[in-house]
Amino acid sequence: MIFKLVLMTLRERKAGLVGAFVALVGASMLITAFGALLQSGLGSGVATQRYAGAPVVVGGTQSFKVTDGKTKQKPLPVPAPLNSDVTDKVAGVEGVQRAVPDVSFPAQVVDGDGGLDAGGGEQPSSGHSWSSSVLGPFDLERGRAPQQAGEVVLDARLADRVGVSPGQRVRLATTQEAREYTVTGVAALKGGGKPRSPAVFFTDAEATTLYGHPGRIDAVGVLVAPGADPDKVADRIDKKLAGAGADTYLGEDRSQVEFHDVASAQTNLVELAGSLGATVVLIAMIVVASTLALSVHQRRRELALLRAVAATPRQVYKMMAAEVLIVSLVASVIGCLPGVLVAKVLMGALSVIGMVPDDFAFSVGPVPMLVAVLATVFAAEVAAVGVARKAVAIRPVEAMGDAQIEPARLGRGRVFFGVLLFLLGVGGSLLPLFFGSVFAVAGAGTGGLVMIIAVLMLAPPVVSVASRLMAGPVRRRTGPHGYLAVANTRANARRLAAGIGPLTLAIGFALVQLCIPTTTASAAQDQAEAGIVAEFTVQGGPGGPPIGVVRDAAALPGVAAATGVIRVQVNGSRKVLDSPEIFKYQAQGVTPDKAAQTMDLGVTEGSLDNLRGDVVAISGGAASTLGAHVGDRIRLNLPDGAEVKPAVVAVYDRGLGFGDVTLPQDSVLAHSSRQLEDAVFVKTAAGADKGQVGKALRGLAGRYPGLKVLDGSGLSAAQQEQAMSSVLTSALPLALVFGYLAISVANTLVLATLGRVREFSLMRLVGAPREQVVRMMRVEAGMVVAIAVVVGTVVPLLPLVTVSLGLTGSPVPHFPVLMYLGIVAVTALIGLGAILVPTRFALRTRPVEGIGLRE
């Protein structure tokens with residue numbers, strides 16, 4: 001019986017459920033899109049090339065564990081390097097025919113003008129030992145293998161590109177000074193294909209020297225014995241290397257070891273998709289609940305009649321749940337296909353801003369679609385249960401009378417939870433005023449979103465109060481049609497709240513998600529500009545300045561100090577409630593000699609002069625988060641996952657501009673595969689001619705091709721580019737969520753306006769001309785947009801101000817004016833268009849016909 005009633009309702013009330021249908025299609029589309037990104041991140045990304053001939057590759061672990069009462073595991077951006085003794089251990093495993101160590105380092109051809117030729121691949125050309133060529137395998141097309149220092153074999157495509165043949169000489173920029181090499185041979189990857197990173201092969205001894213990490217290697221390629229099963233061989237290797245910080249990679253996973261940019265992109269995609277996917281489900285619940293609330297409001301007579309004829313609350317619940325189940329199933333299935341297209345577009349945009357490589361493979365299958373269907377149905381059913389509570393709360397004897405007018409007050413439970421959430425949001429937003437930790441900033445951002453959700457729950461009284469405040473000015477400026485608009489807004493606060501609430505959510509959510517990253521990026525740029533007291537910054541080279549640039553720059557006449565900086569990611573941890581909490585930090589490894597002369601980190605405790613050995617300097621935010629002071633030891637996991645406990649020798653203020661953790665560079669080099677500096681800061685001596693010093697620095701490009709010498713403005717431009725990339729990374733996926741909210745809001749307002757045909761007809765029958773009704777709706781639409789913009793702007797201000805205070809010391813957040821105006825303009829267009837356009841359609845109905853229409 002209930003199912004039959006549901007089918008009748010769906011046939012007769014299609015218009016009332018269109019809003020929920022559209023919102024659910026959008027939710028399914030976004031969940032599918034983020035699910036496809038997640039699946040792409042979990043896939044291979046790029047097919048392996050240099051390891052194509054090795055069925056099994058042993059690489060460093062791609063995660064680390066922290067144990068303190070309980071154990072937590074976190075991923076590393078790229079696989080860690082291995083100890084070289086792993087090669088002998090692997091070689092002794094049953095089924096292994098040969099174990100071949102591999103190292104990788106920058107190696108680019110220097111052209112006739114002193115510039116660097118990247119090789120024409122997706123990644124610049126790289127150097128390797130000749131023994132590792134068997135892993136491709138690479139076959140010699142011409143010439144012979146390198147036999148002594150100063151000899152190399154070039155990838156065939158690279159050789160053709162630079163026009164070099166065996167017997168000729170070529171100049172290469174590597175991790176040391178550029179030098180000339182004799183090309184002894186040209187090799188091509190078996191099977192052909194364009195190399196992603198063209199290879200330059202050196203002798204094993206020279207490759208080890210240029211790699212720069214004695215006793216370490218990047219990977220071990222395993223050639224299995226004839227007839228051996230690679231999977232079983234990999235299992236034996238795993239057992240043999242248990243506890244050695246090594247993992248085996250087979251099939252498509254081998255590319256994670258070969259291409260570190262692919263491994264990093266995979267981590268970024270998984271984190272992005274995972275966090276935003278959960279957010280989309282929450283937003284879908286809110287939007288669908290708002291849309292269903294409008295549908296229930298329009299059906300209140302029908303639902304009241306059911307209660308009056310003895311329908312039990314359970315039956316009403318079942319009826320609404322069944323309606324939503326059918327609608328959500330159909331909508332979620334329809335939304336899957338466009339979701340795949342949206343994911344492809346987003347993947348392309350992420351590659352443009354450099355978050356993922358251009359050749360990163362997009363992967364999609366049935367799993368993201370299935371998850372999207374289940375998540376969408378779940379969100380719809382949860383929303384339906386919440387909305388149905390109000391429908392079944394009416395007592396049968398009061399049903400018809402209660403259905404004729406809009407309830408004047410919200411339920412006590414809704415008011416209680418709305419106020420409670422708002423207070424909790426305020427409390428979270430105030431955290432940066434009392435704590436300088438990462439908890440505080442995260443708490444403030446979450447607090448802002450909680451406050452916005454609370455305003456959604458309290459939207460009817462908020463709309464009522466706002467319309468009363470606007471009543472006087474609106475009436476004075478707009479005349480009779482303004483009087484009608486104000487009366488409508490005040491009398492139908494619940495109906496308008498169904499559209500104003502999500503519109504407010506769209507603005508507030510966008511501001512919180514965008515302004516915190518822009519404030520952080522702006523503060524980082526300001527701190528970097530203020531903290532670099534060196535007159536010159538040296539960048540460039542084959543992926544960065546070689547380590548020797550620091551020494552050579554410091555030896556130039558007129559140079560007082562030169563500091564090399566390597567930027568990496570580290571993790572700090574501390575015990576919280578009997579469990580370790582892990583925090584990701586940007587860190588810098590610096591050459592400690594005279595570092596204080598080239599950069600001013602804003603040290604508040606201790607001194608950078610003691611930055612040698614097993615020590616660390618941390619920002620005030622990191623110190624607060626980790627509960628550390630000068631002299632304490634903190635627990636860090638370095639880029640290779642190794643756990644260390646260095647002593648804190650300094651605490652500084654400018655953590656956003658330089659990273660929250662500063663380590664001696666030797667510590668970073670010993671626990672990563674980095675071989676080059678990211679930048680070298682050069683301070684001139686007192687009285688020295690800066691022009692001459694700059695000329696001398698540029699002269700180093702003769703020995704280290706590709707170097708660029710920047711002054712303060714050049715550094716500023718580099719910081720600005722990095723900040724913009726960070727903001728775009730946050731803005732791109734957010735644009736999808738904002739678009740979903742916008743479409744859902746427009747849909748809700750359209751349905752609410754089209755549902756007022758009887759009201760418009762009555763006004764026209766009592767003498768109001770058509771144009772007066774339109775003018776009334778213009779004023780009402782303006783009030784709706786104004787309320788949404790003001791509330792959506794004011795509510796997030798508290799967390800934005802406190803975050804700015806905590807990060808920069810200034811109460812003024814970095815508020816990109818054009819970005820804000822764009823958000824407001826889009827919101828205004830959606831609100832005005834979604835009310836005024838359907839008003840025109842509704843007025844096409846003849847008044848004598850419209851007055852007899854059913855609700």
# chains A, B, ... in the order shown; residues from 1 in each chain; ligands from 1
>>> select_by_dssp(residues="region 51-125 of chain A", states="strand (DSSP E or B)", output="PyMOL selection string")
chain A and resi 56-60+63-68+70-75+82-83+96-102+105-106+108-110+116-117
>>> residues_around(residues="Asn637 (chain A)", least_positions_apart="5", cutoff="6 Å", atoms="only C-alpha atoms", output="compact mmCIF listing (two decimals) with N, CA and C atoms, in the first residue's frame")
# COMPACT_ATOMS: atom_id res chain seq x y z
N VAL A 570 59.03 17.14 6.37
CA VAL A 570 59.29 16.26 7.51
C VAL A 570 57.99 16.13 8.31
N ASN A 571 58.00 15.23 9.26
CA ASN A 571 56.83 15.03 10.11
C ASN A 571 57.25 15.07 11.57
N ALA A 642 63.04 8.05 8.63
CA ALA A 642 63.85 7.74 9.82
C ALA A 642 63.44 8.64 10.98
N GLU A 643 63.32 8.05 12.15
CA GLU A 643 62.94 8.82 13.34
C GLU A 643 64.19 9.33 14.05
>>> closest_residue(among="A:Pro75, A:Gly221, A:Gly428, A:Gly245", to="Glu271 (chain A)", atoms="only C-alpha atoms")
A:Pro75
>>> residues_around(residues="Arg171 (chain A)", least_positions_apart="6", cutoff="12 Å", atoms="only C-alpha atoms", output="PyMOL selection string")
chain A and resi 107-117+150-152+162+164+177-183+200+702-705
>>> write_last_selection(atoms="N, CA and C atoms", output="CSV table (one decimal), in the first residue's frame")
chain,number,residue,atom,x,y,z
A,107,ALA,N,71.3,15.1,-14.9
A,107,ALA,CA,72.4,15.1,-15.9
A,107,ALA,C,71.8,15.7,-17.2
A,108,GLN,N,72.2,16.9,-17.5
A,108,GLN,CA,71.6,17.6,-18.7
A,108,GLN,C,72.7,18.0,-19.6
A,109,VAL,N,72.5,18.0,-20.9
A,109,VAL,CA,73.4,18.4,-21.9
A,109,VAL,C,73.5,20.0,-21.9
A,110,VAL,N,74.7,20.5,-21.9
A,110,VAL,CA,74.9,22.0,-22.0
A,110,VAL,C,75.0,22.3,-23.5
A,111,ASP,N,74.1,23.2,-24.0
A,111,ASP,CA,74.2,23.5,-25.4
A,111,ASP,C,75.3,24.6,-25.7
A,112,GLY,N,75.4,25.0,-26.9
A,112,GLY,CA,76.5,25.9,-27.3
A,112,GLY,C,76.4,27.3,-26.7
A,113,ASP,N,75.2,27.7,-26.3
A,113,ASP,CA,75.0,29.0,-25.7
A,113,ASP,C,75.2,28.9,-24.2
A,114,GLY,N,75.5,27.8,-23.6
A,114,GLY,CA,75.6,27.7,-22.2
A,114,GLY,C,74.3,27.3,-21.5
A,115,GLY,N,73.3,27.1,-22.2
A,115,GLY,CA,72.0,26.7,-21.6
A,115,GLY,C,71.9,25.2,-21.5
A,116,LEU,N,70.8,24.8,-20.8
A,116,LEU,CA,70.6,23.4,-20.6
A,116,LEU,C,69.5,22.8,-21.4
A,117,ASP,N,69.8,21.6,-22.0
A,117,ASP,CA,68.8,20.9,-22.8
A,117,ASP,C,68.2,19.9,-22.0
A,150,GLY,N,84.7,9.9,-17.3
A,150,GLY,CA,84.7,10.8,-18.4
A,150,GLY,C,84.1,10.2,-19.7
A,151,GLU,N,83.5,9.0,-19.6
A,151,GLU,CA,82.8,8.4,-20.7
A,151,GLU,C,81.4,8.2,-20.4
A,152,VAL,N,80.5,8.3,-21.4
A,152,VAL,CA,79.1,8.2,-21.2
A,152,VAL,C,78.4,7.5,-22.4
A,162,VAL,N,70.5,16.2,-29.7
A,162,VAL,CA,71.6,17.2,-29.5
A,162,VAL,C,72.7,17.0,-30.6
A,164,VAL,N,74.7,14.3,-31.4
A,164,VAL,CA,76.0,13.7,-31.0
A,164,VAL,C,76.1,12.2,-31.4
A,177,GLU,N,80.5,20.4,-10.9
A,177,GLU,CA,80.8,21.3,-11.9
A,177,GLU,C,80.6,20.6,-13.3
A,178,ALA,N,80.1,21.4,-14.3
A,178,ALA,CA,79.9,20.8,-15.6
A,178,ALA,C,81.2,20.5,-16.2
A,179,ARG,N,81.3,19.4,-16.9
A,179,ARG,CA,82.5,19.0,-17.6
A,179,ARG,C,82.2,18.3,-18.9
A,180,GLU,N,83.2,18.1,-19.7
A,180,GLU,CA,83.0,17.4,-21.0
A,180,GLU,C,83.2,15.9,-20.8
A,181,TYR,N,82.4,15.2,-21.6
A,181,TYR,CA,82.5,13.7,-21.5
A,181,TYR,C,82.6,13.2,-23.0
A,182,THR,N,83.2,12.1,-23.1
A,182,THR,CA,83.3,11.4,-24.4
A,182,THR,C,82.1,10.4,-24.6
A,183,VAL,N,81.4,10.6,-25.6
A,183,VAL,CA,80.2,9.7,-25.9
A,183,VAL,C,80.8,8.4,-26.5
A,200,VAL,N,71.2,9.1,-19.3
A,200,VAL,CA,72.6,9.3,-19.6
A,200,VAL,C,73.3,8.3,-18.7
A,702,GLY,N,79.4,29.8,-15.8
A,702,GLY,CA,80.3,29.1,-16.7
A,702,GLY,C,80.7,27.7,-16.2
A,703,ARG,N,80.8,27.6,-14.9
A,703,ARG,CA,81.1,26.3,-14.3
A,703,ARG,C,79.9,25.5,-13.9
A,704,TYR,N,78.8,26.2,-13.6
A,704,TYR,CA,77.5,25.6,-13.3
A,704,TYR,C,76.4,26.1,-14.2
A,705,PRO,N,76.3,25.6,-15.4
A,705,PRO,CA,75.4,26.1,-16.4
A,705,PRO,C,73.9,26.1,-15.8
>>> residues_around(residues="Tyr652 (chain A)", least_positions_apart="5", cutoff="8 Å", atoms="only C-alpha atoms", output="PyMOL selection string")
chain A and resi 601-605+617-620
>>> select_by_dssp(residues="region 584-784 of chain A", states="alpha helix (DSSP H)", output="ChimeraX atom specification")
/A:595-598,620-626,655-658,665-670,690-699,712-754,757-765,770-784
>>> residues_around(residues="Gly41 (chain A)", least_positions_apart="2", cutoff="10 Å", atoms="only C-alpha atoms", output="list in words")
Gly35, Ala36, Leu37, Leu38, Gln39, Gly43, Ser44, Gly45, Val262, Ala263, Ser264, Ala265, Gln266, Thr267, Asn268, Leu269, Val270, Glu271, Leu272, Ala273, Val356, Phe360, Ala361, Phe362 and Ser363 of chain A
>>> closest_residue(among="A:Ala523, A:Leu556, A:Ala284, A:Ile547", to="Val22 (chain A)", atoms="only C-alpha atoms")
A:Ala284
>>> residues_around(residues="Asp711 (chain A)", least_positions_apart="6", cutoff="8 Å", atoms="only C-alpha atoms", output="list in words")
Glu535, Phe536 and Thr537 of chain A
>>> write_last_selection(atoms="N, CA and C atoms", output="PDB file, in the first residue's frame")
ATOM      1  N   GLU A 535      71.566  39.950  -0.315  1.00  0.00           N
ATOM      2  CA  GLU A 535      71.277  40.781  -1.485  1.00  0.00           C
ATOM      3  C   GLU A 535      71.008  39.955  -2.745  1.00  0.00           C
ATOM      4  N   PHE A 536      71.484  38.700  -2.758  1.00  0.00           N
ATOM      5  CA  PHE A 536      71.339  37.892  -3.966  1.00  0.00           C
ATOM      6  C   PHE A 536      70.811  36.505  -3.612  1.00  0.00           C
ATOM      7  N   THR A 537      70.016  35.954  -4.536  1.00  0.00           N
ATOM      8  CA  THR A 537      69.558  34.580  -4.431  1.00  0.00           C
ATOM      9  C   THR A 537      69.943  33.857  -5.711  1.00  0.00           C
TER      10      THR A 537
END
>>> closest_atom_pairs(of="region 194-301 of chain A", to="region 120-141 of chain A", cutoff="6 Å", atoms="only C-alpha atoms", output="tab-separated table")
residue	atom	partner	partner_atom	distance
A:Arg196	CA	A:Gly121	CA	4.8
A:Ser197	CA	A:Gln123	CA	4.9
A:Pro198	CA	A:Ser125	CA	4.5
A:Ala199	CA	A:Ser126	CA	5.3
A:Val200	CA	A:Gly127	CA	4.7
A:Phe201	CA	A:His128	CA	5.0
A:Phe202	CA	A:Ser129	CA	5.1
A:Thr203	CA	A:Ser129	CA	5.6
A:Asp204	CA	A:Ser129	CA	4.7
A:Ala207	CA	A:Ser129	CA	5.2
>>> residues_around(residues="region 662-667 of chain A", least_positions_apart="5", cutoff="8 Å", atoms="only C-alpha atoms", output="list in words")
Val565, Ile566, Ala587, Gln588, Gly589, Val590, Thr591, Pro592, Leu611, Arg612, Gly613, Asp614, Val615, Val616, Ala617 and Ile618 of chain A
>>> closest_residue(among="A:Glu94, A:Asp632, A:Gly699, A:Gln525", to="Gly659 (chain A)", atoms="only C-alpha atoms")
A:Gln525
>>> closest_residue(among="A:Tyr740, A:Val817, A:Ala444, A:Leu76", to="Val568 (chain A)", atoms="only C-alpha atoms")
A:Leu76
>>> closest_residue(among="A:Pro101, A:Gly479, A:Gly606, A:Pro313", to="Gly215 (chain A)", atoms="only C-alpha atoms")
A:Pro101
>>> closest_residue(among="A:Ala27, A:Ala173, A:Leu329, A:Ala471", to="Gly540 (chain A)", atoms="only C-alpha atoms")
A:Ala173
>>> atom_distance(atom1="CA of Gly192 (chain A)", atom2="CA of Val153 (chain A)")
16.8 Å
>>> atom_distance(atom1="CA of Val486 (chain A)", atom2="CA of Val463 (chain A)")
11.2 Å
>>> atom_distance(atom1="CA of Ser573 (chain A)", atom2="CA of Gly69 (chain A)")
12.7 Å
>>> decode(residues="region 510-548 of chain A", atoms="N, CA and C atoms", output="tab-separated table (two decimals), in the first residue's frame")
chain	number	residue	atom	x	y	z
A	510	ALA	N	33.04	29.17	0.50
A	510	ALA	CA	34.07	29.64	-0.43
A	510	ALA	C	35.06	30.57	0.27
A	511	LEU	N	34.57	31.46	1.12
A	511	LEU	CA	35.46	32.41	1.79
A	511	LEU	C	36.40	31.69	2.77
A	512	VAL	N	35.85	30.77	3.54
A	512	VAL	CA	36.69	30.05	4.50
A	512	VAL	C	37.77	29.24	3.79
A	513	GLN	N	37.36	28.53	2.72
A	513	GLN	CA	38.29	27.65	2.03
A	513	GLN	C	39.33	28.40	1.20
A	514	LEU	N	38.98	29.62	0.76
A	514	LEU	CA	39.91	30.37	-0.08
A	514	LEU	C	40.74	31.38	0.70
A	515	CYS	N	40.12	32.05	1.67
A	515	CYS	CA	40.83	33.13	2.34
A	515	CYS	C	41.89	32.64	3.31
A	516	ILE	N	41.68	31.48	3.91
A	516	ILE	CA	42.74	30.95	4.79
A	516	ILE	C	44.00	30.61	3.98
A	517	PRO	N	43.88	29.90	2.83
A	517	PRO	CA	45.10	29.69	2.03
A	517	PRO	C	45.72	30.98	1.50
A	518	THR	N	44.88	31.95	1.07
A	518	THR	CA	45.46	33.20	0.56
A	518	THR	C	46.13	33.99	1.67
A	519	THR	N	45.54	33.96	2.87
A	519	THR	CA	46.18	34.64	4.01
A	519	THR	C	47.50	33.98	4.35
A	520	THR	N	47.50	32.65	4.35
A	520	THR	CA	48.74	31.92	4.64
A	520	THR	C	49.80	32.20	3.58
A	521	ALA	N	49.38	32.16	2.30
A	521	ALA	CA	50.34	32.40	1.21
A	521	ALA	C	50.89	33.82	1.26
A	522	SER	N	50.02	34.78	1.53
A	522	SER	CA	50.48	36.17	1.60
A	522	SER	C	51.44	36.37	2.77
A	523	ALA	N	51.11	35.76	3.93
A	523	ALA	CA	52.00	35.89	5.08
A	523	ALA	C	53.35	35.22	4.81
A	524	ALA	N	53.32	34.07	4.10
A	524	ALA	CA	54.56	33.38	3.77
A	524	ALA	C	55.44	34.25	2.87
A	525	GLN	N	54.82	34.88	1.89
A	525	GLN	CA	55.59	35.74	0.99
A	525	GLN	C	56.18	36.93	1.74
A	526	ASP	N	55.36	37.54	2.59
A	526	ASP	CA	55.85	38.70	3.35
A	526	ASP	C	57.00	38.31	4.27
A	527	GLN	N	56.87	37.15	4.93
A	527	GLN	CA	57.92	36.71	5.84
A	527	GLN	C	59.21	36.39	5.09
A	528	ALA	N	59.05	35.78	3.91
A	528	ALA	CA	60.25	35.45	3.13
A	528	ALA	C	60.96	36.72	2.67
A	529	GLU	N	60.18	37.70	2.21
A	529	GLU	CA	60.79	38.95	1.75
A	529	GLU	C	61.48	39.67	2.91
A	530	ALA	N	60.82	39.67	4.07
A	530	ALA	CA	61.41	40.38	5.22
A	530	ALA	C	62.59	39.61	5.81
A	531	GLY	N	62.55	38.26	5.68
A	531	GLY	CA	63.58	37.45	6.33
A	531	GLY	C	64.83	37.24	5.52
A	532	ILE	N	64.77	37.42	4.21
A	532	ILE	CA	65.98	37.27	3.40
A	532	ILE	C	66.75	38.58	3.44
A	533	VAL	N	67.83	38.61	4.19
A	533	VAL	CA	68.64	39.82	4.30
A	533	VAL	C	69.82	39.78	3.33
A	534	ALA	N	69.95	38.68	2.61
A	534	ALA	CA	70.99	38.59	1.58
A	534	ALA	C	70.59	39.43	0.37
A	535	GLU	N	71.57	39.95	-0.31
A	535	GLU	CA	71.28	40.78	-1.49
A	535	GLU	C	71.01	39.96	-2.74
A	536	PHE	N	71.48	38.70	-2.76
A	536	PHE	CA	71.34	37.89	-3.97
A	536	PHE	C	70.81	36.50	-3.61
A	537	THR	N	70.02	35.95	-4.54
A	537	THR	CA	69.56	34.58	-4.43
A	537	THR	C	69.94	33.86	-5.71
A	538	VAL	N	70.66	32.75	-5.58
A	538	VAL	CA	71.10	31.98	-6.73
A	538	VAL	C	70.19	30.76	-6.87
A	539	GLN	N	69.57	30.62	-8.05
A	539	GLN	CA	68.70	29.48	-8.33
A	539	GLN	C	69.07	28.91	-9.69
A	540	GLY	N	68.28	27.94	-10.16
A	540	GLY	CA	68.53	27.36	-11.48
A	540	GLY	C	69.48	26.19	-11.43
A	541	GLY	N	70.10	25.91	-12.57
A	541	GLY	CA	70.94	24.73	-12.67
A	541	GLY	C	70.11	23.53	-13.08
A	542	PRO	N	70.68	22.34	-13.09
A	542	PRO	CA	69.95	21.13	-13.50
A	542	PRO	C	69.02	20.62	-12.40
A	543	GLY	N	68.02	21.41	-12.06
A	543	GLY	CA	67.12	21.07	-10.96
A	543	GLY	C	67.42	21.83	-9.71
A	544	GLY	N	68.42	22.69	-9.73
A	544	GLY	CA	68.82	23.47	-8.58
A	544	GLY	C	70.32	23.67	-8.59
A	545	PRO	N	70.83	24.62	-7.82
A	545	PRO	CA	72.29	24.82	-7.78
A	545	PRO	C	72.98	23.62	-7.15
A	546	PRO	N	74.05	23.12	-7.75
A	546	PRO	CA	74.83	22.04	-7.11
A	546	PRO	C	75.37	22.48	-5.75
A	547	ILE	N	75.67	21.51	-4.92
A	547	ILE	CA	76.14	21.78	-3.56
A	547	ILE	C	77.40	22.66	-3.58
A	548	GLY	N	78.25	22.46	-4.58
A	548	GLY	CA	79.50	23.21	-4.64
A	548	GLY	C	79.33	24.69	-4.86
